[in-house]
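One structure is given here, and the rest of the page talks about it.
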2 protein chains.
Amino acid sequence: MEKQYQYGILGGGSWATAIAKILTNNGNHIHWWIRDEQNIAFFKKRKHNPHYVSNIYFDLEKIHFSNQAAEIIKAVDVIIIAIPSAYVEAVLKQLPKNVFENKLIISAIKGIIPPNNILLNDLLEQYFTINIDTQYGIIGGPCHAEEVSAEKLSYLTLGSSNETVANKYAAAFKTEYINTVVNTDVMGIQYAAVLKNIYAIGAGIAHGLDYGDNFMSVFIANAANEMAGFLRCCNTKHAGINYAASVYLGDLLVTCYSLHSRNRSFGNYIGKGYSVKNAQLEMNMVAEGYNASKGIYEINNTIKGNLPIATTIYQILWEGLQAKVGFEQIEKFLV
Amino acid sequence: MEKQYQYGILGGGSWATAIAKILTNNGNHIHWWIRDEQNIAFFKKRKHNPHYVSNIYFDLEKIHFSNQAAEIIKAVDVIIIAIPSAYVEAVLKQLPKNVFENKLIISAIKGIIPPNNILLNDLLEQYFTINIDTQYGIIGGPCHAEEVSAEKLSYLTLGSSNETVANKYAAAFKTEYINTVVNTDVMGIQYAAVLKNIYAIGAGIAHGLDYGDNFMSVFIANAANEMAGFLRCCNTKHAGINYAASVYLGDLLVTCYSLHSRNRSFGNYIGKGYSVKNAQLEMNMVAEGYNASKGIYEINNTIKGNLPIATTIYQILWEGLQAKVGFEQIEKFLV
């Protein structure tokens with residue numbers, strides 16, 4: 001297969017590492033920015049990520065590492081941004097205004113960017129000379145990195161306003177264990193990726209509160225409906241979208257049901273009575289859905305969508321509402 | 001609460017037993033037909049079902065048992081039919097033509113009735129003097145009997161063309177651990193209950209074939225979409241139905257994901273390479289989805305709906321298609 005594009009990745013977490021595996025398994029030579037020089041040194045010596053999905057081993061001849069983001073971006077045609085949403089602005093704002101000229105940018109971010117609750121495309125327009133319609137795309141799940149490492153068949157959705165562009169870079173991700181789907185709903189895919197983490201925290205809370213399988217299915221079905229309603233509401237030009245497709249409902253399901261899901265695990269701690277702070281300490285991380293719940297709550301203060309489940313999760317996580325009391329409220333409006 | 005109706009149950013399986021628990025916990029005196037006199041004798045002596053959800057104990061003062069169906073029906077206002085679809089015709093056809101006069105009939109059957117692949121309302125019209133619009137209702141899940149026995153909060157949907165009627169009998173099911181939802185889509189609820197068992201067998205096969213969580217979520221999301229498409233297709237007068245509600249998507253989810261699901265377990269055997277016959281022997285039962293896959297396949301030969309997943313499951317179960325080969329076909333069209 002003709003490799004028309006040179007690919008680069010910004011980020012050293014588990015999702016960035018899984019994407020690096022897919023691209024290199026597919027024959028690409030990649031350019032990879034990792035912030036911490038020590039981690040790069042570890043990679044070069046041990047051929048795997050020191051901290052995340054460290055059972056993925058790499059052919060180092062296929063990777064050019066650098067801790068200079070501008071250098072990596074300069075070397076590539078397509079740059080995949082896989083930095084946690086809480087840190088992405090700090091990294092990007094140091095780069096020159098024209099750094100993305102003639103580049104395709106693919107967001108692999110599954111969160112909303114603080115403090116103004118914006119999507120990556122908004123952040124990019126704020127700092128750089130860029131045409132979102134022609135230069136911006138998305139890579140979406142359902143795809144836990146752990147299963148990429150195990151080469152379990154997974155589906156990625158590549159999104160772009162321009163379907164031809166999306167098809168072109170989708171080819172780079174298609175492997176024996178990755179099937180690709182193309183979708184032009186750039187906005188909806190991004191919001192779905194944010195929302196599903198909030199509902200997965202809810203599913204975890206429900207599990208922690210000792211609800212059973214019957215209730216869980218009702219909760220998640222209602223969350224799917226709430227999510228689709230929000231997406232329809234903020235995305236009027238995309239009438240007729242199939243919200244049961246893998247990148248919407250599928251990603252919600254895997255995030256709510258899979259034991260790989262960190263958002264579900266975080267919720268489980270909350271349901272069992274841990275404070276937010278203690279749950280984060282136990283997990284040694286902040287689940288994306290935690291900040292997302294606040295971001296979506298604030299956005300919805302403007303949009304006024306119908307988000308009773310997401311709002312209750314926000315109140316539990318940020319306003320001290322008891323999990324048990326919150327779910328007693330939720331019980332009342334599920335159908 | 002005023003108890004306006006007298007309730008009866010036909011059937012002695014796990015779902016019938018769970019319904020008996022709900023109704024008696026809710027203060028109703030019930031009339032219960034169980035075919036086998038020995039099982040009735042066991043019930044009277046030991047206060048629980050000898051074979052199914054036998055951890056549910058009953059207050060015998062609240063139950064009038066009989067193995068004479070006509071006698072039970074005569075004693076009640078509302079008769080709940082919870083006989084496996086394969087046996088229901090044999091039971092009903094012995095009853096007098098006017099036995100259901102002035103009775104409400106609630107179907108708790110989650111299958112399609114052989115040999116002509118009909119729903120219970122069709123069977124009733126064939127044998128009895130009955131007005132389906134005013135006398136017929138449905139009780140739907142997602143509700144595994146095992147969780148009713150454990151009193152885990154579950155949701156039941158009570159369906160009837162006549163919402164007032166549905167609301168009236170819904171009240172009899174509302175308890176501390178059961179919330180009720182009312183729905184007028186009698187046809188769609190019945191088909192959803194049939195279809196979900198087919199997809200759950202598929203989920204089990206996928207699990208048996210060693211697909212992971214990522215794939216499972218894509219498979220189930222696509223099944224949800226296929227199911228909604230079929231329901232829209234055979235149910236034109238119900239435009240605008242929320243197919244993410246618990247009785248549609250929720251029931252699909254619990255049947256595909258829960259370890260209580262016998263259809264999923266049956267599929268798991270098939271995925272691991274057991275023949276249909278050996279899987280049935282191992283489980284000592286026929287999963288409803290097995291016959292349902294044939295029934296829906298035959299129905300769809302007329303309707304010509306778009307059911308590629310259900311059709312492939314049918315081919316695996318009935319036409320000797322290798323499970324692995326069938327799922328390689330399915331992989332190609334998931335989105």
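In the structure tokens, chains take the letters A, B, ... in the order shown, each chain's residues start at 1, and ligands count up from 1 in the order shown.
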Checklist entry - When the cut-off is 8 Å and we count only C-alpha atoms, which residues of chain A are near chain B, given as a VMD selection string? => result chain A and resid 142 to 144 147 152 to 155 181 211 to 222 224 to 225 242 244 to 246 249 to 251 253 to 254 258 335
Next on the checklist: Run DSSP on the backbone and tell me which residues of range 163-224 of chain B come out as helix (DSSP H, G or I); list them as a VMD selection string.
Outcome noted: chain B and resid 163 to 170 186 to 208 213 to 224
Written file, previous selection with N, CA and C atoms, as a CSV table (one decimal), in the first residue's frame:
chain,number,residue,atom,x,y,z
B,163,GLU,N,-53.5,3.1,27.0
B,163,GLU,CA,-52.6,3.5,28.0
B,163,GLU,C,-53.3,3.5,29.4
B,164,THR,N,-54.6,3.8,29.5
B,164,THR,CA,-55.3,3.8,30.7
B,164,THR,C,-55.3,2.4,31.3
B,165,VAL,N,-55.5,1.4,30.5
B,165,VAL,CA,-55.5,0.0,31.0
B,165,VAL,C,-54.1,-0.4,31.5
B,166,ALA,N,-53.0,0.0,30.7
B,166,ALA,CA,-51.7,-0.3,31.0
B,166,ALA,C,-51.3,0.3,32.4
B,167,ASN,N,-51.7,1.6,32.6
B,167,ASN,CA,-51.4,2.3,33.8
B,167,ASN,C,-52.1,1.6,35.0
B,168,LYS,N,-53.3,1.0,34.7
B,168,LYS,CA,-54.0,0.4,35.8
B,168,LYS,C,-53.3,-0.9,36.3
B,169,TYR,N,-52.9,-1.7,35.3
B,169,TYR,CA,-52.3,-3.0,35.8
B,169,TYR,C,-50.8,-2.7,36.1
B,170,ALA,N,-50.2,-1.7,35.6
B,170,ALA,CA,-48.8,-1.4,36.0
B,170,ALA,C,-48.7,-1.2,37.5
B,186,VAL,N,-47.2,-2.1,21.5
B,186,VAL,CA,-47.4,-3.5,21.8
B,186,VAL,C,-46.6,-4.4,20.8
B,187,MET,N,-46.7,-4.1,19.5
B,187,MET,CA,-46.0,-4.9,18.5
B,187,MET,C,-44.5,-4.8,18.6
B,188,GLY,N,-44.0,-3.5,18.7
B,188,GLY,CA,-42.5,-3.3,18.8
B,188,GLY,C,-41.9,-4.0,20.0
B,189,ILE,N,-42.6,-3.9,21.2
B,189,ILE,CA,-42.0,-4.4,22.4
B,189,ILE,C,-41.9,-6.0,22.2
B,190,GLN,N,-42.9,-6.6,21.6
B,190,GLN,CA,-42.8,-8.0,21.4
B,190,GLN,C,-41.7,-8.4,20.5
B,191,TYR,N,-41.6,-7.7,19.4
B,191,TYR,CA,-40.5,-8.1,18.4
B,191,TYR,C,-39.1,-7.8,19.0
B,192,ALA,N,-39.0,-6.7,19.8
B,192,ALA,CA,-37.7,-6.4,20.4
B,192,ALA,C,-37.3,-7.5,21.4
B,193,ALA,N,-38.3,-8.1,22.1
B,193,ALA,CA,-38.0,-9.1,23.1
B,193,ALA,C,-37.5,-10.4,22.3
B,194,VAL,N,-38.0,-10.6,21.1
B,194,VAL,CA,-37.6,-11.8,20.3
B,194,VAL,C,-36.2,-11.5,19.8
B,195,LEU,N,-36.0,-10.4,19.2
B,195,LEU,CA,-34.7,-10.0,18.5
B,195,LEU,C,-33.6,-10.0,19.4
B,196,LYS,N,-33.8,-9.5,20.6
B,196,LYS,CA,-32.6,-9.3,21.5
B,196,LYS,C,-32.0,-10.6,21.9
B,197,ASN,N,-32.8,-11.7,21.9
B,197,ASN,CA,-32.3,-13.0,22.3
B,197,ASN,C,-31.4,-13.5,21.1
B,198,ILE,N,-31.7,-13.2,19.9
B,198,ILE,CA,-30.8,-13.6,18.8
B,198,ILE,C,-29.5,-12.9,18.9
B,199,TYR,N,-29.5,-11.6,19.1
B,199,TYR,CA,-28.3,-10.8,19.2
B,199,TYR,C,-27.4,-11.2,20.4
B,200,ALA,N,-28.1,-11.6,21.5
B,200,ALA,CA,-27.4,-12.1,22.7
B,200,ALA,C,-26.7,-13.4,22.4
B,201,ILE,N,-27.3,-14.3,21.6
B,201,ILE,CA,-26.6,-15.5,21.2
B,201,ILE,C,-25.3,-15.0,20.4
B,202,GLY,N,-25.5,-14.0,19.6
B,202,GLY,CA,-24.4,-13.5,18.8
B,202,GLY,C,-23.3,-13.0,19.7
B,203,ALA,N,-23.7,-12.2,20.8
B,203,ALA,CA,-22.7,-11.7,21.7
B,203,ALA,C,-21.9,-12.9,22.4
B,204,GLY,N,-22.7,-13.9,22.7
B,204,GLY,CA,-22.1,-15.1,23.3
B,204,GLY,C,-21.1,-15.8,22.4
B,205,ILE,N,-21.5,-15.9,21.1
B,205,ILE,CA,-20.6,-16.5,20.1
B,205,ILE,C,-19.3,-15.7,20.0
B,206,ALA,N,-19.5,-14.3,20.0
B,206,ALA,CA,-18.3,-13.5,19.9
B,206,ALA,C,-17.4,-13.7,21.1
B,207,HIS,N,-18.0,-13.8,22.2
B,207,HIS,CA,-17.2,-14.0,23.4
B,207,HIS,C,-16.4,-15.4,23.3
B,208,GLY,N,-17.2,-16.4,22.9
B,208,GLY,CA,-16.6,-17.7,22.7
B,208,GLY,C,-15.5,-17.7,21.7
B,213,ASP,N,-13.6,-6.8,24.5
B,213,ASP,CA,-14.6,-5.8,24.9
B,213,ASP,C,-14.8,-4.7,23.8
B,214,ASN,N,-13.7,-4.3,23.1
B,214,ASN,CA,-13.9,-3.3,22.1
B,214,ASN,C,-14.8,-3.8,21.0
B,215,PHE,N,-14.6,-5.0,20.5
B,215,PHE,CA,-15.4,-5.6,19.4
B,215,PHE,C,-16.8,-5.8,19.9
B,216,MET,N,-17.0,-6.3,21.1
B,216,MET,CA,-18.3,-6.6,21.7
B,216,MET,C,-19.2,-5.3,21.6
B,217,SER,N,-18.6,-4.2,22.0
B,217,SER,CA,-19.4,-2.9,22.0
B,217,SER,C,-19.8,-2.5,20.6
B,218,VAL,N,-18.9,-2.8,19.6
B,218,VAL,CA,-19.3,-2.4,18.3
B,218,VAL,C,-20.4,-3.4,17.8
B,219,PHE,N,-20.2,-4.6,18.1
B,219,PHE,CA,-21.2,-5.6,17.7
B,219,PHE,C,-22.6,-5.3,18.3
B,220,ILE,N,-22.6,-5.0,19.6
B,220,ILE,CA,-23.9,-4.7,20.2
B,220,ILE,C,-24.5,-3.4,19.7
B,221,ALA,N,-23.7,-2.4,19.5
B,221,ALA,CA,-24.2,-1.1,19.0
B,221,ALA,C,-24.8,-1.3,17.6
B,222,ASN,N,-24.2,-2.1,16.8
B,222,ASN,CA,-24.7,-2.4,15.4
B,222,ASN,C,-26.0,-3.2,15.5
B,223,ALA,N,-26.0,-4.1,16.5
B,223,ALA,CA,-27.3,-4.9,16.7
B,223,ALA,C,-28.4,-4.0,17.1
B,224,ALA,N,-28.1,-3.1,18.0
B,224,ALA,CA,-29.1,-2.1,18.4
B,224,ALA,C,-29.7,-1.4,17.2
Checklist entry - If we count only C-alpha atoms, what is near Tyr57 in chain B at a cut-off of 12 Å, once residues fewer than 5 positions away on the same chain are taken out, given as a list of chain:residue names? => result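 Residues near the query, excluding close chain neighbours: B:Thr17, B:Ala18, B:Ala20, B:Lys21, B:Ile22, B:Thr24, B:Asn25, B:Phe43, B:Lys44, B:Lys45, B:Arg46, B:Lys47, B:His48, B:Asn49, B:Pro50, B:Tyr52, B:Lys62, B:Ile63, B:Ser149, B:Ala150.
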Selection from above, all heavy atoms, as a compact mmCIF listing (two decimals), in the first residue's frame, can you write it?
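Saved result, out22.txt, follows:
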# COMPACT_ATOMS: atom_id res chain seq x y z
N THR B 17 -42.20 -17.33 38.00
CA THR B 17 -41.95 -17.32 39.44
C THR B 17 -41.55 -15.93 39.92
O THR B 17 -41.99 -15.47 40.99
CB THR B 17 -40.86 -18.36 39.78
OG1 THR B 17 -41.26 -19.62 39.22
CG2 THR B 17 -40.68 -18.50 41.28
N ALA B 18 -40.75 -15.24 39.12
CA ALA B 18 -40.37 -13.87 39.49
C ALA B 18 -41.60 -12.96 39.50
O ALA B 18 -41.77 -12.13 40.41
CB ALA B 18 -39.33 -13.34 38.50
N ALA B 20 -44.66 -13.88 40.06
CA ALA B 20 -45.44 -14.25 41.25
C ALA B 20 -44.88 -13.58 42.50
O ALA B 20 -45.63 -13.11 43.36
CB ALA B 20 -45.44 -15.77 41.41
N LYS B 21 -43.57 -13.53 42.59
CA LYS B 21 -42.95 -12.85 43.73
C LYS B 21 -43.33 -11.37 43.76
O LYS B 21 -43.71 -10.83 44.81
CB LYS B 21 -41.42 -12.99 43.68
CG LYS B 21 -40.71 -12.17 44.77
CD LYS B 21 -39.19 -12.32 44.68
CE LYS B 21 -38.48 -11.21 45.45
NZ LYS B 21 -38.69 -11.20 46.89
N ILE B 22 -43.20 -10.72 42.61
CA ILE B 22 -43.50 -9.28 42.56
C ILE B 22 -44.95 -9.03 42.98
O ILE B 22 -45.22 -8.17 43.83
CB ILE B 22 -43.26 -8.74 41.13
CG1 ILE B 22 -41.77 -8.83 40.77
CG2 ILE B 22 -43.74 -7.29 41.03
CD1 ILE B 22 -41.49 -8.66 39.28
N THR B 24 -47.09 -10.91 44.69
CA THR B 24 -47.42 -11.23 46.08
C THR B 24 -46.73 -10.26 47.04
O THR B 24 -47.31 -9.85 48.03
CB THR B 24 -47.08 -12.69 46.43
OG1 THR B 24 -45.72 -12.96 46.09
CG2 THR B 24 -47.98 -13.66 45.68
N ASN B 25 -45.47 -9.88 46.74
CA ASN B 25 -44.80 -8.88 47.57
C ASN B 25 -45.59 -7.58 47.59
O ASN B 25 -45.53 -6.81 48.54
CB ASN B 25 -43.39 -8.58 47.05
CG ASN B 25 -42.37 -9.63 47.42
OD1 ASN B 25 -41.23 -9.59 46.99
ND2 ASN B 25 -42.78 -10.62 48.23
N PHE B 43 -44.29 -27.05 45.86
CA PHE B 43 -44.50 -25.66 46.26
C PHE B 43 -45.21 -25.59 47.61
O PHE B 43 -44.83 -24.83 48.50
CB PHE B 43 -45.37 -24.95 45.22
CG PHE B 43 -44.65 -23.92 44.40
CD1 PHE B 43 -44.41 -24.13 43.06
CD2 PHE B 43 -44.23 -22.73 44.97
CE1 PHE B 43 -43.75 -23.18 42.30
CE2 PHE B 43 -43.57 -21.77 44.21
CZ PHE B 43 -43.33 -22.00 42.86
N LYS B 44 -46.27 -26.37 47.75
CA LYS B 44 -47.08 -26.27 48.96
C LYS B 44 -46.31 -26.75 50.17
O LYS B 44 -46.54 -26.29 51.29
CB LYS B 44 -48.38 -27.09 48.78
CG LYS B 44 -49.35 -26.39 47.83
CD LYS B 44 -50.65 -27.16 47.69
CE LYS B 44 -51.65 -26.37 46.86
NZ LYS B 44 -52.82 -27.20 46.51
N LYS B 45 -45.41 -27.69 49.96
CA LYS B 45 -44.64 -28.24 51.07
C LYS B 45 -43.42 -27.37 51.40
O LYS B 45 -43.15 -27.07 52.56
CB LYS B 45 -44.17 -29.64 50.68
CG LYS B 45 -43.49 -30.40 51.79
CD LYS B 45 -43.26 -31.84 51.36
CE LYS B 45 -42.32 -32.54 52.33
NZ LYS B 45 -41.75 -33.76 51.74
N ARG B 46 -42.70 -26.92 50.36
CA ARG B 46 -41.41 -26.26 50.57
C ARG B 46 -41.45 -24.75 50.32
O ARG B 46 -40.47 -24.06 50.57
CB ARG B 46 -40.36 -26.92 49.68
CG ARG B 46 -40.20 -28.44 49.92
CD ARG B 46 -39.36 -28.74 51.16
NE ARG B 46 -38.01 -28.29 50.96
CZ ARG B 46 -37.06 -28.97 50.30
NH1 ARG B 46 -37.35 -30.16 49.81
NH2 ARG B 46 -35.86 -28.48 50.16
N LYS B 47 -42.54 -24.25 49.82
CA LYS B 47 -42.75 -22.80 49.63
C LYS B 47 -41.85 -22.17 48.56
O LYS B 47 -41.68 -20.95 48.53
CB LYS B 47 -42.58 -22.03 50.95
CG LYS B 47 -43.51 -22.51 52.04
CD LYS B 47 -43.42 -21.63 53.25
CE LYS B 47 -44.34 -22.18 54.35
NZ LYS B 47 -44.25 -21.44 55.58
N HIS B 48 -41.23 -23.00 47.74
CA HIS B 48 -40.47 -22.42 46.62
C HIS B 48 -40.58 -23.32 45.40
O HIS B 48 -41.01 -24.49 45.49
CB HIS B 48 -39.02 -22.16 47.02
CG HIS B 48 -38.21 -23.39 47.30
ND1 HIS B 48 -37.62 -24.14 46.29
CD2 HIS B 48 -37.89 -24.01 48.46
CE1 HIS B 48 -36.97 -25.15 46.82
NE2 HIS B 48 -37.11 -25.12 48.14
N ASN B 49 -40.19 -22.77 44.26
CA ASN B 49 -40.20 -23.52 43.00
C ASN B 49 -39.11 -24.60 43.05
O ASN B 49 -37.99 -24.31 43.44
CB ASN B 49 -39.93 -22.53 41.85
CG ASN B 49 -40.16 -23.15 40.47
OD1 ASN B 49 -39.75 -24.27 40.20
ND2 ASN B 49 -40.83 -22.40 39.61
N PRO B 50 -39.45 -25.84 42.69
CA PRO B 50 -38.43 -26.90 42.76
C PRO B 50 -37.29 -26.71 41.78
O PRO B 50 -36.18 -27.17 42.04
CB PRO B 50 -39.22 -28.17 42.43
CG PRO B 50 -40.46 -27.72 41.73
CD PRO B 50 -40.76 -26.36 42.27
N TYR B 52 -36.68 -23.58 39.45
CA TYR B 52 -36.23 -22.27 38.98
C TYR B 52 -36.24 -21.25 40.11
O TYR B 52 -37.14 -21.27 40.94
CB TYR B 52 -37.13 -21.77 37.84
CG TYR B 52 -37.22 -22.74 36.68
CD1 TYR B 52 -38.33 -23.56 36.52
CD2 TYR B 52 -36.18 -22.83 35.76
CE1 TYR B 52 -38.41 -24.45 35.46
CE2 TYR B 52 -36.25 -23.72 34.70
CZ TYR B 52 -37.36 -24.53 34.55
OH TYR B 52 -37.44 -25.41 33.51
N LYS B 62 -51.09 -16.44 50.14
CA LYS B 62 -51.39 -15.49 49.07
C LYS B 62 -51.56 -16.17 47.71
O LYS B 62 -51.71 -15.49 46.69
CB LYS B 62 -50.28 -14.44 48.98
CG LYS B 62 -50.28 -13.47 50.15
CD LYS B 62 -49.28 -12.38 49.93
CE LYS B 62 -49.38 -11.31 51.01
NZ LYS B 62 -48.12 -10.57 51.13
N ILE B 63 -51.45 -17.50 47.68
CA ILE B 63 -51.46 -18.18 46.38
C ILE B 63 -52.50 -19.29 46.32
O ILE B 63 -52.58 -20.14 47.22
CB ILE B 63 -50.08 -18.79 46.08
CG1 ILE B 63 -48.98 -17.73 46.19
CG2 ILE B 63 -50.07 -19.41 44.67
CD1 ILE B 63 -47.58 -18.24 45.99
N SER B 149 -35.25 -12.06 42.29
CA SER B 149 -35.16 -12.86 43.52
C SER B 149 -34.26 -12.16 44.54
O SER B 149 -34.49 -12.23 45.73
CB SER B 149 -34.66 -14.27 43.20
OG SER B 149 -33.26 -14.33 43.15
N ALA B 150 -33.24 -11.46 44.05
CA ALA B 150 -32.34 -10.73 44.96
C ALA B 150 -32.87 -9.34 45.30
O ALA B 150 -32.22 -8.59 46.03
CB ALA B 150 -30.96 -10.62 44.32
Checklist entry - In Å, how far is it from CA of Glu176 in chain A to CA of Asn26 in chain A? => result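 Separating CA of Glu176 in chain A from CA of Asn26 in chain A is a distance of 8.9 Å.
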Item to check | Residues flagged strand (DSSP E) by DSSP in range 31-166 of chain B, as a PyMOL selection string | outcome: chain B and resi 31-33+63-66+78-81+104-107+136-140+154-160
7 Å contact set for Ile80 in chain B, only C-alpha atoms, chain neighbours under 4 positions out, as a PDB file with N, CA and C atoms, in the first residue's frame:
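Done, and the output landed in selection20.pdb:
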ATOM      1  N   GLY B   8     -53.772 -13.615  37.809  1.00  0.00           N
ATOM      2  CA  GLY B   8     -53.429 -15.012  37.644  1.00  0.00           C
ATOM      3  C   GLY B   8     -52.200 -15.167  36.765  1.00  0.00           C
ATOM      4  N   ILE B   9     -51.505 -16.263  36.940  1.00  0.00           N
ATOM      5  CA  ILE B   9     -50.306 -16.541  36.145  1.00  0.00           C
ATOM      6  C   ILE B   9     -50.438 -17.943  35.555  1.00  0.00           C
ATOM      7  N   LEU B  10     -50.105 -18.056  34.273  1.00  0.00           N
ATOM      8  CA  LEU B  10     -49.980 -19.379  33.658  1.00  0.00           C
ATOM      9  C   LEU B  10     -48.498 -19.639  33.408  1.00  0.00           C
ATOM     10  N   ILE B 105     -55.394  -9.937  29.208  1.00  0.00           N
ATOM     11  CA  ILE B 105     -54.354 -10.945  29.029  1.00  0.00           C
ATOM     12  C   ILE B 105     -53.022 -10.219  28.879  1.00  0.00           C
ATOM     13  N   ILE B 106     -52.063 -10.604  29.711  1.00  0.00           N
ATOM     14  CA  ILE B 106     -50.732  -9.974  29.636  1.00  0.00           C
ATOM     15  C   ILE B 106     -49.737 -11.026  29.170  1.00  0.00           C
ATOM     16  N   SER B 107     -49.075 -10.736  28.066  1.00  0.00           N
ATOM     17  CA  SER B 107     -48.058 -11.666  27.577  1.00  0.00           C
ATOM     18  C   SER B 107     -46.724 -11.406  28.272  1.00  0.00           C
ATOM     19  N   ALA B 108     -46.181 -12.461  28.873  1.00  0.00           N
ATOM     20  CA  ALA B 108     -44.819 -12.394  29.417  1.00  0.00           C
ATOM     21  C   ALA B 108     -43.921 -13.351  28.627  1.00  0.00           C
TER      22      ALA B 108
END
Item to check | Nearest residue to Thr129 in chain A from the set A:Ser54, A:Asn102, A:Ser293, A:Asn306 (distances using only C-alpha atoms) | outcome: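 Counting only C-alpha atoms, the residue closest to Thr129 in chain A is A:Asn102.
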Next on the checklist: With distances taken over only C-alpha atoms, which residue among A:Ala292, A:Ile139, A:Met227, A:Met283 lies nearest Ile118 in chain A?
Outcome noted: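 Closest to Ile118 in chain A of all the choices is A:Ala292.
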Item to check | Pairwise distance for CA of Ala287 in chain B and CA of Phe266 in chain B, rounded to one decimal in Å | outcome: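 Computing it gives 6.6 Å between the two atoms.
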Next on the checklist: Applying 10 Å and only C-alpha atoms, which residues near range 279-281 of chain B remain after dropping the ones on its own chain fewer than 4 positions away? List them as number ranges by chain.
Outcome noted: B: 265-270, 272-275, 285-287, 290
